[in-house]
file work07.txt (compact mmCIF, C-alpha atoms)
# COMPACT_ATOMS: atom_id res chain seq x y z
CA MET H 1 0.00 0.00 0.00
CA LYS H 2 2.80 2.43 0.90
CA SER H 3 4.65 1.95 -2.39
CA GLU H 4 1.40 2.32 -4.34
CA ARG H 5 0.62 5.52 -2.45
CA GLN H 6 4.12 6.91 -3.01
CA ASN H 7 3.96 6.05 -6.72
CA LYS H 8 0.63 7.90 -6.84
CA ILE H 9 2.23 10.91 -5.13
CA ILE H 10 4.94 11.05 -7.80
CA GLU H 11 2.30 10.74 -10.51
CA LEU H 12 0.16 13.49 -8.95
CA ILE H 13 2.98 16.00 -8.47
CA THR H 14 4.25 15.31 -11.97
CA LYS H 15 0.86 15.95 -13.57
CA HIS H 16 -0.46 18.74 -11.31
CA HIS H 17 0.78 21.86 -9.54
CA ILE H 18 0.48 20.69 -5.93
CA GLY H 19 2.07 23.13 -3.49
CA THR H 20 0.91 22.13 -0.01
CA GLN H 21 0.60 18.98 2.05
CA GLU H 22 -3.12 19.66 2.33
CA GLU H 23 -3.51 19.78 -1.46
CA LEU H 24 -1.53 16.56 -1.77
CA ALA H 25 -3.60 14.82 0.93
CA ALA H 26 -6.83 15.92 -0.79
CA ALA H 27 -5.60 14.65 -4.18
CA LEU H 28 -4.61 11.31 -2.62
CA ASN H 29 -7.97 11.00 -0.87
CA ASP H 30 -9.71 11.76 -4.18
CA ALA H 31 -7.62 8.98 -5.76
CA GLY H 32 -8.86 6.49 -3.16
CA PHE H 33 -6.01 6.63 -0.64
CA ASN H 34 -7.19 7.38 2.90
CA VAL H 35 -4.31 9.50 4.25
CA THR H 36 -3.62 11.94 7.04
CA GLN H 37 -1.37 14.98 6.95
CA ALA H 38 1.19 13.06 9.04
CA THR H 39 1.31 10.25 6.46
CA VAL H 40 1.74 12.76 3.63
CA SER H 41 4.52 14.49 5.57
CA ARG H 42 6.40 11.19 6.03
CA ASP H 43 5.95 10.31 2.36
CA ILE H 44 7.30 13.71 1.30
CA ARG H 45 10.38 13.15 3.45
CA GLU H 46 10.91 9.56 2.27
CA LEU H 47 10.48 10.50 -1.40
CA ASN H 48 12.89 13.41 -0.95
CA LEU H 49 10.40 15.87 -2.44
CA THR H 50 11.20 19.55 -2.58
CA LYS H 51 9.38 22.63 -3.79
CA THR H 52 10.17 24.68 -6.83
CA SER H 53 8.76 27.96 -8.08
CA VAL H 54 6.03 27.71 -10.70
CA ASP H 55 5.73 31.34 -11.72
CA GLY H 56 7.74 33.29 -9.18
CA LYS H 57 4.72 33.40 -6.85
CA ARG H 58 3.43 29.86 -6.39
CA GLN H 59 5.38 26.73 -5.56
CA LYS H 60 4.86 23.06 -6.32
CA TYR H 61 6.33 19.78 -5.14
CA VAL H 62 8.89 18.04 -7.35
CA VAL H 63 11.09 14.99 -6.93
CA TYR H 64 14.49 16.26 -5.88
CA GLN H 65 17.17 15.00 -8.20
CA LYS H 66 20.79 15.88 -7.88
CA ASP H 67 22.33 17.55 -10.86
CA GLU H 68 24.26 14.90 -12.79
CA ARG H 69 27.43 17.01 -12.54
CA HIS H 70 27.29 16.76 -8.76
CA MET H 71 26.63 13.02 -8.44
CA ASN H 72 28.92 11.08 -6.23
CA ASP H 73 32.09 10.45 -8.21
CA LYS H 74 32.27 6.88 -6.91
CA PHE H 75 28.95 5.93 -8.51
CA ILE H 76 29.87 7.57 -11.80
CA ARG H 77 33.23 5.79 -11.81
CA VAL H 78 31.51 2.43 -11.22
CA LEU H 79 29.08 3.13 -14.07
CA LYS H 80 31.87 4.12 -16.44
CA GLU H 81 34.05 1.13 -15.54
CA GLY H 82 31.30 -1.47 -15.68
CA PHE H 83 28.89 -0.30 -18.41
CA ILE H 84 29.09 -1.96 -21.83
CA SER H 85 25.71 -1.30 -23.45
CA ALA H 86 22.00 -0.75 -22.86
CA ASP H 87 18.89 -1.76 -24.75
CA TYR H 88 15.22 -1.82 -23.89
CA ALA H 89 12.04 -3.78 -24.41
CA GLN H 90 8.98 -1.71 -23.51
CA ASN H 91 9.60 -0.49 -19.96
CA ILE H 92 12.47 -2.88 -19.17
CA LEU H 93 15.99 -1.50 -19.55
CA VAL H 94 18.63 -4.20 -19.97
CA ILE H 95 22.18 -3.10 -19.17
CA LYS H 96 25.19 -5.23 -20.13
CA THR H 97 28.27 -4.86 -17.95
CA VAL H 98 31.80 -6.17 -17.74
CA PRO H 99 31.61 -9.73 -16.31
CA GLY H 100 31.34 -9.58 -12.52
CA MET H 101 30.38 -5.87 -12.44
CA ALA H 102 26.59 -6.06 -12.66
CA MET H 103 26.07 -6.00 -8.87
CA ALA H 104 28.28 -2.92 -8.44
CA VAL H 105 26.67 -1.05 -11.34
CA CYS H 106 23.23 -2.03 -10.06
CA ALA H 107 24.09 -0.74 -6.56
CA ALA H 108 25.28 2.54 -8.11
CA LEU H 109 21.99 2.88 -10.03
CA ASP H 110 19.99 2.19 -6.86
CA ALA H 111 22.02 4.77 -4.92
CA MET H 112 21.22 7.45 -7.50
CA LYS H 113 17.51 7.05 -6.68
CA TRP H 114 16.28 8.06 -10.11
CA HIS H 115 12.50 8.20 -9.98
CA GLU H 116 12.21 6.49 -13.38
CA ILE H 117 13.56 3.23 -11.92
CA VAL H 118 11.01 1.11 -10.07
CA GLY H 119 13.48 -1.69 -9.27
CA THR H 120 16.61 -3.45 -10.42
CA ILE H 121 17.90 -7.03 -10.59
CA ALA H 122 21.53 -7.90 -11.27
CA GLY H 123 23.20 -11.08 -12.47
CA ASP H 124 26.89 -11.44 -13.30
CA ASP H 125 27.02 -9.21 -16.37
CA THR H 126 23.41 -8.14 -16.92
CA ILE H 127 21.05 -5.78 -15.09
CA MET H 128 17.32 -5.58 -15.65
CA CYS H 129 15.70 -2.29 -14.62
CA ALA H 130 11.94 -2.07 -14.35
CA VAL H 131 11.09 1.46 -15.47
CA ARG H 132 7.84 3.37 -14.96
CA THR H 133 7.02 4.03 -18.65
CA VAL H 134 8.40 3.37 -22.11
CA ASP H 135 9.22 7.10 -22.44
CA ASP H 136 11.07 7.00 -19.10
CA THR H 137 13.02 3.97 -20.35
CA ILE H 138 14.30 5.89 -23.38
CA LYS H 139 15.16 8.93 -21.20
CA LEU H 140 16.96 6.72 -18.69
CA MET H 141 18.97 4.99 -21.40
CA ASP H 142 20.03 8.37 -22.81
CA LYS H 143 20.90 9.64 -19.31
CA LEU H 144 23.11 6.61 -18.66
CA LYS H 145 24.87 6.90 -22.00
CA LYS H 146 25.60 10.60 -21.38
CA ILE H 147 27.15 9.80 -18.01
CA VAL H 148 29.16 6.86 -19.31
CA HIS H 149 30.46 8.71 -22.37
CA SER H 150 31.25 12.00 -20.59
CA SER H 151 34.89 12.82 -19.97
call {"tool": "encode", "arguments": {"input": "work07.txt", "output": "structure tokens"}}
result
Amino acid sequence: MKSERQNKIIELITKHHIGTQEELAAALNDAGFNVTQATVSRDIRELNLTKTSVDGKRQKYVVYQKDERHMNDKFIRVLKEGFISADYAQNILVIKTVPGMAMAVCAALDAMKWHEIVGTIAGDDTIMCAVRTVDDTIKLMDKLKKIVHSS
């Protein structure tokens, strides 16, 4: 239930300008989730949501994502050293790695907490990422390739 509710929160704040906990609680209640302000507050903290300006006057919640230039160098180094290629089938991103590096690359992906990734599974040289949508899968693949091929 919690993960469904938190996925709904991300969907709601992505599609609508929601600027207060009360607005978010009302939207969740309208969507069939019986929540309190305290629950919404915990979800906001756990999802690492922040507010951004909409028009210089109003604010809305967004998923906080670190700028790629400021990501932890260790995770970027692991990605660059282990990544071989990526391909996708619908909303599944398949990443090929150097043999024995899939677990490390997978852990780096998990640590980045990109909202597009629902979950990851690693073998020896292959990672399967369940991604929210087909469009997110393409964006994620491009994001990874930019990181891996940057100097």
call {"tool": "residues_around", "arguments": {"input": "work07.txt", "residues": "range 89-102 of chain H", "least_positions_apart": "2", "cutoff": "10 Å", "atoms": "only C-alpha atoms", "output": "PyMOL selection string"}}
result
chain H and resi 78-87+104-108+116-117+120-138+140-141+144
call {"tool": "atom_distance", "arguments": {"input": "work07.txt", "atom1": "CA of Thr39 in chain H", "atom2": "CA of Gly19 in chain H"}}
result
16.3 Å
call {"tool": "atom_distance", "arguments": {"input": "work07.txt", "atom1": "CA of Ile76 in chain H", "atom2": "CA of Lys143 in chain H"}}
result
11.9 Å
call {"tool": "atom_distance", "arguments": {"input": "work07.txt", "atom1": "CA of Met103 in chain H", "atom2": "CA of Gly119 in chain H"}}
result
13.3 Å
call {"tool": "closest_residue", "arguments": {"input": "work07.txt", "among": "H:Lys145, H:His17, H:Arg5, H:Arg42", "to": "Gln59 in chain H", "atoms": "all atoms listed in the file"}}
result
H:His17
call {"tool": "residues_around", "arguments": {"input": "work07.txt", "residues": "Ile18 in chain H", "least_positions_apart": "5", "cutoff": "6 Å", "atoms": "all atoms listed in the file", "output": "tab-separated table (two decimals) with C-alpha atoms, keeping the file's coordinate frame"}}
result
chain	number	residue	atom	x	y	z
H	13	ILE	CA	2.98	16.00	-8.47
H	60	LYS	CA	4.86	23.06	-6.32
H	61	TYR	CA	6.33	19.78	-5.14
call {"tool": "decode", "arguments": {"input": "work07.txt", "residues": "range 52-100 of chain H", "atoms": "C-alpha atoms", "output": "JSON list (two decimals), in the first residue's frame"}}
result
[["chain", "number", "residue", "atom", "x", "y", "z"],
["H", 52, "THR", "CA", 10.17, 24.68, -6.83],
["H", 53, "SER", "CA", 8.76, 27.96, -8.08],
["H", 54, "VAL", "CA", 6.03, 27.71, -10.70],
["H", 55, "ASP", "CA", 5.73, 31.34, -11.72],
["H", 56, "GLY", "CA", 7.74, 33.29, -9.18],
["H", 57, "LYS", "CA", 4.72, 33.40, -6.85],
["H", 58, "ARG", "CA", 3.43, 29.86, -6.39],
["H", 59, "GLN", "CA", 5.38, 26.73, -5.56],
["H", 60, "LYS", "CA", 4.86, 23.06, -6.32],
["H", 61, "TYR", "CA", 6.33, 19.78, -5.14],
["H", 62, "VAL", "CA", 8.89, 18.04, -7.35],
["H", 63, "VAL", "CA", 11.09, 14.99, -6.93],
["H", 64, "TYR", "CA", 14.49, 16.26, -5.88],
["H", 65, "GLN", "CA", 17.17, 15.00, -8.20],
["H", 66, "LYS", "CA", 20.79, 15.88, -7.88],
["H", 67, "ASP", "CA", 22.33, 17.55, -10.86],
["H", 68, "GLU", "CA", 24.26, 14.90, -12.79],
["H", 69, "ARG", "CA", 27.43, 17.01, -12.54],
["H", 70, "HIS", "CA", 27.29, 16.76, -8.76],
["H", 71, "MET", "CA", 26.63, 13.02, -8.44],
["H", 72, "ASN", "CA", 28.92, 11.08, -6.23],
["H", 73, "ASP", "CA", 32.09, 10.45, -8.21],
["H", 74, "LYS", "CA", 32.27, 6.88, -6.91],
["H", 75, "PHE", "CA", 28.95, 5.93, -8.51],
["H", 76, "ILE", "CA", 29.87, 7.57, -11.80],
["H", 77, "ARG", "CA", 33.23, 5.79, -11.81],
["H", 78, "VAL", "CA", 31.51, 2.43, -11.22],
["H", 79, "LEU", "CA", 29.08, 3.13, -14.07],
["H", 80, "LYS", "CA", 31.87, 4.12, -16.44],
["H", 81, "GLU", "CA", 34.05, 1.13, -15.54],
["H", 82, "GLY", "CA", 31.30, -1.47, -15.68],
["H", 83, "PHE", "CA", 28.89, -0.30, -18.41],
["H", 84, "ILE", "CA", 29.09, -1.96, -21.83],
["H", 85, "SER", "CA", 25.71, -1.30, -23.45],
["H", 86, "ALA", "CA", 22.00, -0.75, -22.86],
["H", 87, "ASP", "CA", 18.89, -1.76, -24.75],
["H", 88, "TYR", "CA", 15.22, -1.82, -23.89],
["H", 89, "ALA", "CA", 12.04, -3.78, -24.41],
["H", 90, "GLN", "CA", 8.98, -1.71, -23.51],
["H", 91, "ASN", "CA", 9.60, -0.49, -19.96],
["H", 92, "ILE", "CA", 12.47, -2.88, -19.17],
["H", 93, "LEU", "CA", 15.99, -1.50, -19.55],
["H", 94, "VAL", "CA", 18.63, -4.20, -19.97],
["H", 95, "ILE", "CA", 22.18, -3.10, -19.17],
["H", 96, "LYS", "CA", 25.19, -5.23, -20.13],
["H", 97, "THR", "CA", 28.27, -4.86, -17.95],
["H", 98, "VAL", "CA", 31.80, -6.17, -17.74],
["H", 99, "PRO", "CA", 31.61, -9.73, -16.31],
["H", 100, "GLY", "CA", 31.34, -9.58, -12.52]]
